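The structure file coords-v7.txt is reproduced below (compact mmCIF, C-alpha atoms).
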```txt
# COMPACT_ATOMS: atom_id res chain seq x y z
CA MET A 7 -11.16 -0.15 -1.55
CA LEU A 8 -8.21 -2.41 -0.81
CA GLY A 9 -4.61 -1.26 -0.71
CA VAL A 10 -1.03 -1.49 0.52
CA ALA A 11 1.48 1.22 1.44
CA VAL A 12 5.11 0.33 2.10
CA SER A 13 8.52 1.92 2.57
CA THR A 14 11.99 0.47 3.06
CA ALA A 15 15.73 1.00 2.64
CA VAL A 16 15.82 -0.98 -0.63
CA PRO A 17 15.07 0.55 -4.06
CA GLY A 18 11.88 -0.19 -5.98
CA VAL A 19 9.83 -1.64 -3.12
CA GLY A 20 6.61 -1.05 -5.05
CA GLY A 21 7.55 -3.74 -7.55
CA ILE A 22 8.05 -6.59 -5.08
CA CYS A 23 5.97 -6.17 -1.89
CA PRO A 24 2.35 -5.03 -2.54
CA PHE A 25 -0.24 -7.36 -4.08
CA VAL A 26 -3.88 -6.28 -4.38
CA GLN A 27 -6.94 -7.62 -6.20
CA PRO A 28 -10.29 -5.78 -6.17
CA GLY A 29 -13.01 -7.56 -4.27
CA VAL A 30 -10.48 -10.15 -3.07
CA GLY A 31 -7.81 -8.78 -0.76
CA ALA A 32 -4.53 -6.98 -0.14
CA ILE A 33 -1.20 -8.58 0.78
CA SER A 34 2.21 -7.18 1.66
CA THR A 35 5.10 -9.65 1.57
CA GLN A 36 8.12 -8.35 3.51
CA SER A 37 11.43 -9.18 5.21
CA TRP A 38 13.37 -11.48 2.84
CA VAL A 39 10.59 -11.11 0.29
CA ASN A 40 8.92 -14.03 -1.43
CA PRO A 41 6.59 -12.49 -4.07
CA TYR A 42 4.81 -15.81 -4.53
CA LEU A 43 3.29 -15.32 -1.09
CA GLY A 44 1.44 -12.37 -2.60
CA ILE A 45 0.64 -14.09 -5.89
CA ASP A 46 -0.53 -17.35 -4.35
CA GLY A 47 -2.19 -15.60 -1.43
CA LEU A 48 -4.53 -13.67 -3.71
CA LYS A 49 -5.45 -16.92 -5.44
CA LEU A 50 -6.36 -18.47 -2.09
CA LEU A 51 -8.46 -15.47 -1.13
CA GLU A 52 -10.20 -15.51 -4.50
CA ARG A 53 -11.13 -19.17 -3.96
CA GLY A 54 -12.84 -18.26 -0.69
CA SER A 55 -10.18 -18.55 2.01
CA ALA A 56 -10.32 -16.02 4.83
CA ALA A 57 -7.18 -14.03 5.63
CA GLN A 58 -5.98 -16.34 8.42
CA GLU A 59 -6.72 -19.49 6.40
CA ALA A 60 -4.76 -18.13 3.45
CA LEU A 61 -1.84 -17.12 5.67
CA ASP A 62 -1.71 -20.54 7.35
CA ALA A 63 -1.60 -22.29 3.98
CA LEU A 64 1.08 -19.96 2.61
CA ILE A 65 3.37 -20.29 5.62
CA ALA A 66 2.95 -24.07 5.79
CA ALA A 67 4.13 -24.35 2.18
CA ASP A 68 7.11 -21.94 2.40
CA PRO A 69 10.43 -23.54 3.44
CA GLY A 70 11.80 -20.06 4.13
CA LYS A 71 8.93 -19.08 6.43
CA ASP A 72 11.17 -18.22 9.39
CA ALA A 73 12.67 -15.32 7.41
CA ARG A 74 9.36 -14.06 6.01
CA GLN A 75 6.94 -11.38 7.07
CA LEU A 76 3.43 -11.17 5.69
CA GLY A 77 0.29 -9.10 6.20
CA ILE A 78 -3.10 -9.95 4.68
CA VAL A 79 -6.48 -8.20 4.66
CA ASP A 80 -9.32 -9.93 2.84
CA ALA A 81 -12.34 -8.29 1.21
CA ALA A 82 -14.42 -8.77 4.36
CA GLY A 83 -11.86 -6.80 6.41
CA ARG A 84 -10.47 -9.84 8.23
CA SER A 85 -6.73 -9.55 8.80
CA ALA A 86 -3.81 -11.85 9.57
CA ALA A 87 -0.03 -11.46 9.83
CA TRP A 88 3.13 -13.50 10.23
CA SER A 89 6.60 -12.49 11.39
CA GLY A 90 9.13 -15.33 11.20
CA ARG A 91 11.59 -15.78 14.04
CA GLN A 92 14.58 -15.09 11.76
CA CYS A 93 13.36 -11.65 10.71
CA THR A 94 15.81 -8.91 11.63
CA ASP A 95 15.17 -6.97 14.86
CA TRP A 96 13.15 -5.01 15.57
CA PHE A 97 10.32 -6.90 13.92
CA GLY A 98 6.66 -7.52 14.64
CA HIS A 99 3.10 -6.86 13.57
CA ILE A 100 -0.28 -5.58 14.74
CA THR A 101 -3.60 -6.59 13.20
CA GLY A 102 -7.15 -5.37 13.63
CA PRO A 103 -10.40 -4.98 11.70
CA ASP A 104 -9.57 -3.82 8.14
CA PHE A 105 -5.81 -3.51 8.67
CA SER A 106 -2.47 -5.17 9.26
CA VAL A 107 0.75 -3.30 9.96
CA GLN A 108 4.09 -5.05 10.10
CA GLY A 109 7.75 -4.20 9.89
CA ASN A 110 11.26 -5.55 10.31
CA MET A 111 14.71 -3.98 10.65
CA LEU A 112 12.89 -1.19 12.50
CA VAL A 113 14.29 1.30 14.99
CA SER A 114 11.74 0.08 17.54
CA GLU A 115 8.26 -1.28 18.15
CA ARG A 116 6.99 2.29 18.26
CA THR A 117 7.03 2.38 14.45
CA ILE A 118 4.20 -0.12 14.02
CA GLN A 119 2.37 1.12 17.12
CA SER A 120 2.22 4.58 15.55
CA MET A 121 1.02 3.11 12.27
CA ALA A 122 -1.79 1.18 13.97
CA GLU A 123 -2.82 4.26 15.96
CA SER A 124 -2.87 6.35 12.79
CA PHE A 125 -5.13 3.89 11.00
CA ALA A 126 -7.48 3.58 13.95
CA GLY A 127 -7.78 7.35 14.25
CA SER A 128 -8.32 8.19 10.58
CA GLY A 129 -11.63 6.51 9.79
CA GLY A 130 -13.04 9.68 8.24
CA LEU A 131 -10.45 9.71 5.46
CA THR A 132 -10.40 7.78 2.19
CA LEU A 133 -8.21 4.67 2.10
CA PRO A 134 -5.41 6.34 0.04
CA GLU A 135 -5.31 9.22 2.52
CA ARG A 136 -5.25 6.81 5.45
CA LEU A 137 -2.45 4.75 3.93
CA MET A 138 -0.38 7.87 3.30
CA ALA A 139 -0.90 9.05 6.88
CA VAL A 140 -0.04 5.59 8.27
CA LEU A 141 3.22 5.53 6.31
CA GLU A 142 4.11 9.00 7.58
CA ALA A 143 3.33 7.96 11.15
CA GLY A 144 5.68 5.00 10.87
CA GLN A 145 8.44 7.13 9.40
CA SER A 146 8.05 9.78 12.09
CA ALA A 147 8.32 7.08 14.77
CA GLY A 148 11.67 5.83 13.44
CA GLY A 149 11.00 3.55 10.48
CA ASP A 150 13.77 1.40 9.00
CA LYS A 151 16.93 1.47 11.15
CA ARG A 152 19.09 1.36 7.99
CA GLY A 153 17.59 4.58 6.64
CA ARG A 154 15.27 5.34 3.72
CA GLN A 155 15.22 4.57 0.01
CA SER A 156 11.83 3.80 -1.57
CA ALA A 157 8.09 3.94 -0.90
CA ALA A 158 4.91 2.95 -2.72
CA MET A 159 1.13 2.89 -2.55
CA LEU A 160 -1.18 0.56 -4.48
CA VAL A 161 -4.97 0.87 -4.17
CA TYR A 162 -7.78 -0.83 -6.04
CA LYS A 163 -11.43 0.18 -5.97
CA ALA A 164 -14.13 -1.67 -7.97
CA GLU A 165 -12.37 -1.98 -11.32
CA GLU A 166 -9.69 -4.41 -12.46
CA PHE A 167 -7.18 -1.60 -12.96
CA PRO A 168 -5.58 0.29 -10.05
CA TYR A 169 -7.44 3.23 -8.58
CA LEU A 170 -4.06 4.62 -7.49
CA SER A 171 -0.57 3.26 -8.09
CA LEU A 172 2.31 5.48 -6.96
CA ARG A 173 5.98 4.64 -6.55
CA VAL A 174 9.07 6.47 -5.37
CA ASP A 175 11.75 3.99 -6.38
CA GLU A 176 14.89 5.77 -5.09
CA HIS A 177 14.96 8.93 -3.00
CA ALA A 178 16.65 10.31 0.10
CA TYR A 179 13.22 11.01 1.64
CA PRO A 180 10.86 8.59 -0.11
CA VAL A 181 7.85 8.97 2.19
CA ALA A 182 7.96 12.76 1.92
CA GLU A 183 8.33 12.47 -1.84
CA LEU A 184 5.43 10.02 -1.99
CA ARG A 185 3.33 12.58 -0.11
CA ARG A 186 4.24 15.24 -2.69
CA VAL A 187 3.33 12.96 -5.60
CA PHE A 188 0.18 11.83 -3.79
CA GLU A 189 -1.04 15.42 -3.41
CA VAL A 190 -0.54 16.05 -7.13
CA ALA A 191 -2.33 12.79 -7.96
CA ARG A 192 -5.16 13.54 -5.53
CA HIS A 193 -5.97 16.77 -7.36
CA GLN A 194 -5.16 15.74 -10.93
CA LEU A 195 -5.19 11.96 -11.39
CA LEU A 196 -7.99 10.71 -9.15
CA PRO A 197 -10.69 12.96 -10.70
CA PHE A 198 -9.63 11.51 -14.07
CA VAL A 199 -9.67 7.91 -12.79
CA ASP A 200 -13.13 8.47 -11.29
CA GLY A 201 -14.44 9.29 -14.78
CA MET A 202 -12.60 6.58 -16.72
CA PRO A 203 -14.48 3.73 -18.45
CA SER A 204 -15.75 0.97 -16.19
CA ARG A 205 -17.35 -2.43 -16.75
CA GLN A 206 -20.74 -0.81 -16.07
CA ASN A 207 -20.05 2.34 -18.10
CA PRO A 208 -17.68 1.55 -21.01
CA THR A 209 -17.63 5.14 -22.28
CA GLY A 210 -16.77 6.71 -18.94
CA SER A 211 -18.09 10.01 -17.64
CA LEU A 212 -15.41 12.68 -17.40
CA PRO A 213 -16.78 16.04 -16.23
CA LYS A 214 -15.84 19.03 -18.38
CA ALA A 215 -14.06 20.59 -15.41
CA VAL A 216 -11.71 17.59 -15.30
CA THR A 217 -10.96 17.57 -19.04
CA ASP A 218 -10.42 21.34 -18.97
CA MET A 219 -8.04 20.95 -16.01
CA LEU A 220 -6.02 18.25 -17.78
CA MET A 221 -5.74 20.35 -20.94
CA THR A 222 -3.81 23.01 -19.03
CA PRO A 223 -0.04 22.76 -18.45
CA PRO A 224 0.79 20.74 -15.29
CA PRO A 225 2.28 23.66 -13.31
CA HIS A 226 -1.05 25.50 -13.57
CA ARG A 227 -3.22 22.63 -12.35
CA PRO A 228 -4.43 22.13 -8.76
CA GLY A 229 -1.66 20.61 -6.65
CA GLY A 230 1.09 21.88 -8.97
CA GLY A 231 3.71 19.48 -10.29
CA GLY A 232 5.35 18.91 -13.63
CA SER A 233 7.43 22.10 -13.54
CA GLY A 234 10.87 20.48 -13.78
CA PRO A 235 13.13 20.44 -16.87
```
Can you give me the file's structure in the form of structure tokens?
Amino acid sequence: MLGVAVSTAVPGVGGICPFVQPGVGAISTQSWVNPYLGIDGLKLLERGSAAQEALDALIAADPGKDARQLGIVDAAGRSAAWSGRQCTDWFGHITGPDFSVQGNMLVSERTIQSMAESFAGSGGLTLPERLMAVLEAGQSAGGDKRGRQSAAMLVYKAEEFPYLSLRVDEHAYPVAELRRVFEVARHQLLPFVDGMPSRQNPTGSLPKAVTDMLMTPPPHRPGGGGSGP
């Protein structure tokens, strides 16, 4: 799996920061966002560039590089990051095998330290669970010094469609709300996605227990949800 989780004090972050392609890589473009760093970065990775090679090429070609922040993980787990000198304090990044965490306009460095520690200590979890925990760790350690507004998670597995795509576009506590939605999706959506058609199995293979669960009203399904007006 490859994925990105992100939160910020701007609405709709899920539409502008995360870029993921199965079997290729995951990119988060941050600070004063340039989405083409994500778009073009995936193209470079698909053509065979490693994470650092792709990052070097992207930054060299971006006249606004000093205000950009970028994290890349390629399909081999190699990671690379950039934090331009004009990013807003506190800003910085940490990379390691299979991950990159970065942030700007943060309360302190502790935010990304906590995120890196969370990822390193959660190897027994699935990638979506790890990403959710990493985001919560960053929020608990201070997060964005301006406050909170949106959060998102985008994960791809083997197929060309997302394995999990969740967004909280505007909320007073977006990471907590993303956790709530994630728990509903973990019980209700992911078992459905696991049985959906694939390139290898065009008819799919949904277990009867999953179809029976989805035929019941949302409030009565595992994880709850869907009980509002």
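With distances taken over all atoms listed in the file, A:Gly149 is the one residue among A:Gly130, A:Thr222, A:Tyr162, A:Gly149 lying closest to Glu115 in chain A.
Of the listed residues A:Pro134, A:Pro225, A:Pro103, A:Pro168, the one whose atoms come nearest to Val199 in chain A is A:Pro168, with distances taken using only C-alpha atoms.
In this model, the gap between CA of Glu166 in chain A and CA of Ala122 in chain A comes to 28.1 Å.
Across A:Ala178, A:Leu195, A:Val30, A:Met219, the tightest approach to Glu52 in chain A is made by A:Val30 when counting all atoms listed in the file.
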List as a compact mmCIF listing (two decimals) with C-alpha atoms, in the coordinates of the input: which residues have an atom within 12 Å of (15.0, -15.8, 2.4), counting only C-alpha atoms?
```txt
# COMPACT_ATOMS: atom_id res chain seq x y z
CA THR A 35 5.10 -9.65 1.57
CA GLN A 36 8.12 -8.35 3.51
CA SER A 37 11.43 -9.18 5.21
CA TRP A 38 13.37 -11.48 2.84
CA VAL A 39 10.59 -11.11 0.29
CA ASN A 40 8.92 -14.03 -1.43
CA PRO A 41 6.59 -12.49 -4.07
CA ASP A 68 7.11 -21.94 2.40
CA PRO A 69 10.43 -23.54 3.44
CA GLY A 70 11.80 -20.06 4.13
CA LYS A 71 8.93 -19.08 6.43
CA ASP A 72 11.17 -18.22 9.39
CA ALA A 73 12.67 -15.32 7.41
CA ARG A 74 9.36 -14.06 6.01
CA GLN A 75 6.94 -11.38 7.07
CA GLY A 90 9.13 -15.33 11.20
CA GLN A 92 14.58 -15.09 11.76
CA CYS A 93 13.36 -11.65 10.71
CA THR A 94 15.81 -8.91 11.63
```
Contact table range 52-86 of chain A vs range 9-21 of chain A, cut-off 12 Å, shortest pair per residue, all atoms listed in the file, as a Markdown table:
```
| residue | atom | partner | partner_atom | distance |
| --- | --- | --- | --- | --- |
| A:Leu76 | CA | A:Val10 | CA | 11.8 |
| A:Gly77 | CA | A:Val10 | CA | 9.6 |
| A:Ile78 | CA | A:Val10 | CA | 9.7 |
| A:Val79 | CA | A:Gly9 | CA | 9.0 |
| A:Asp80 | CA | A:Gly9 | CA | 10.5 |
| A:Ala81 | CA | A:Gly9 | CA | 10.6 |
| A:Gly83 | CA | A:Gly9 | CA | 11.6 |
```
Problem set entry | Distance criterion (only C-alpha atoms): nearest to Gln194 in chain A out of A:Val140, A:Ile22, A:Met121, A:Met221 | A:Met221
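Atom pair CA of Leu170 in chain A / CA of Phe188 in chain A: separated by 9.1 Å.
All polymer residues at most 9 Å from (2.1, 5.4, 5.7), using all atoms listed in the file, appear as Ala11, Val12, Ser13, Met121, Ser124, Glu135, Arg136, Leu137, Met138, Ala139, Val140, Leu141, Glu142, Ala143, Gly144, Gln145, Met159 and Val181 of chain A.
Minimum distance to Lys151 in chain A across A:Leu220, A:Ala215, A:Ala56, A:Met111 (counting all atoms listed in the file) occurs at A:Met111.
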Problem set entry | Test item: residues at most 7 Å from range 95-102 of chain A, only C-alpha atoms, excluding those fewer than 3 positions along its chain, as a list in words | Ser85, Ala86, Ala87, Ser89, Phe105, Ser106, Val107, Gln108, Gly109, Asn110, Met111, Leu112, Val113, Ser114, Glu115, Ile118 and Ala122 of chain A
Resulting file, chosen residues, C-alpha atoms, as a compact mmCIF listing (two decimals), in the frame of the given file:
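The resulting result.txt:
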```
# COMPACT_ATOMS: atom_id res chain seq x y z
CA SER A 85 -6.73 -9.55 8.80
CA ALA A 86 -3.81 -11.85 9.57
CA ALA A 87 -0.03 -11.46 9.83
CA SER A 89 6.60 -12.49 11.39
CA PHE A 105 -5.81 -3.51 8.67
CA SER A 106 -2.47 -5.17 9.26
CA VAL A 107 0.75 -3.30 9.96
CA GLN A 108 4.09 -5.05 10.10
CA GLY A 109 7.75 -4.20 9.89
CA ASN A 110 11.26 -5.55 10.31
CA MET A 111 14.71 -3.98 10.65
CA LEU A 112 12.89 -1.19 12.50
CA VAL A 113 14.29 1.30 14.99
CA SER A 114 11.74 0.08 17.54
CA GLU A 115 8.26 -1.28 18.15
CA ILE A 118 4.20 -0.12 14.02
CA ALA A 122 -1.79 1.18 13.97
```
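In this model, the gap between CA of Arg154 in chain A and CA of Leu184 in chain A comes to 12.3 Å.
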Axis-aligned box over every listed atom of range 165-179 of chain A, padded by 4 Å per side: centre and edges in Å to one decimal, as JSON?
```
{"center_x": 2.1, "center_y": 3.3, "center_z": -5.7, "size_x": 37.0, "size_y": 23.4, "size_z": 22.6}
```
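Among the candidate residues A:Gly54, A:Gly127, A:Pro197, A:Pro24, the one lying nearest to Ser211 in chain A is A:Pro197, with distances computed using only C-alpha atoms.
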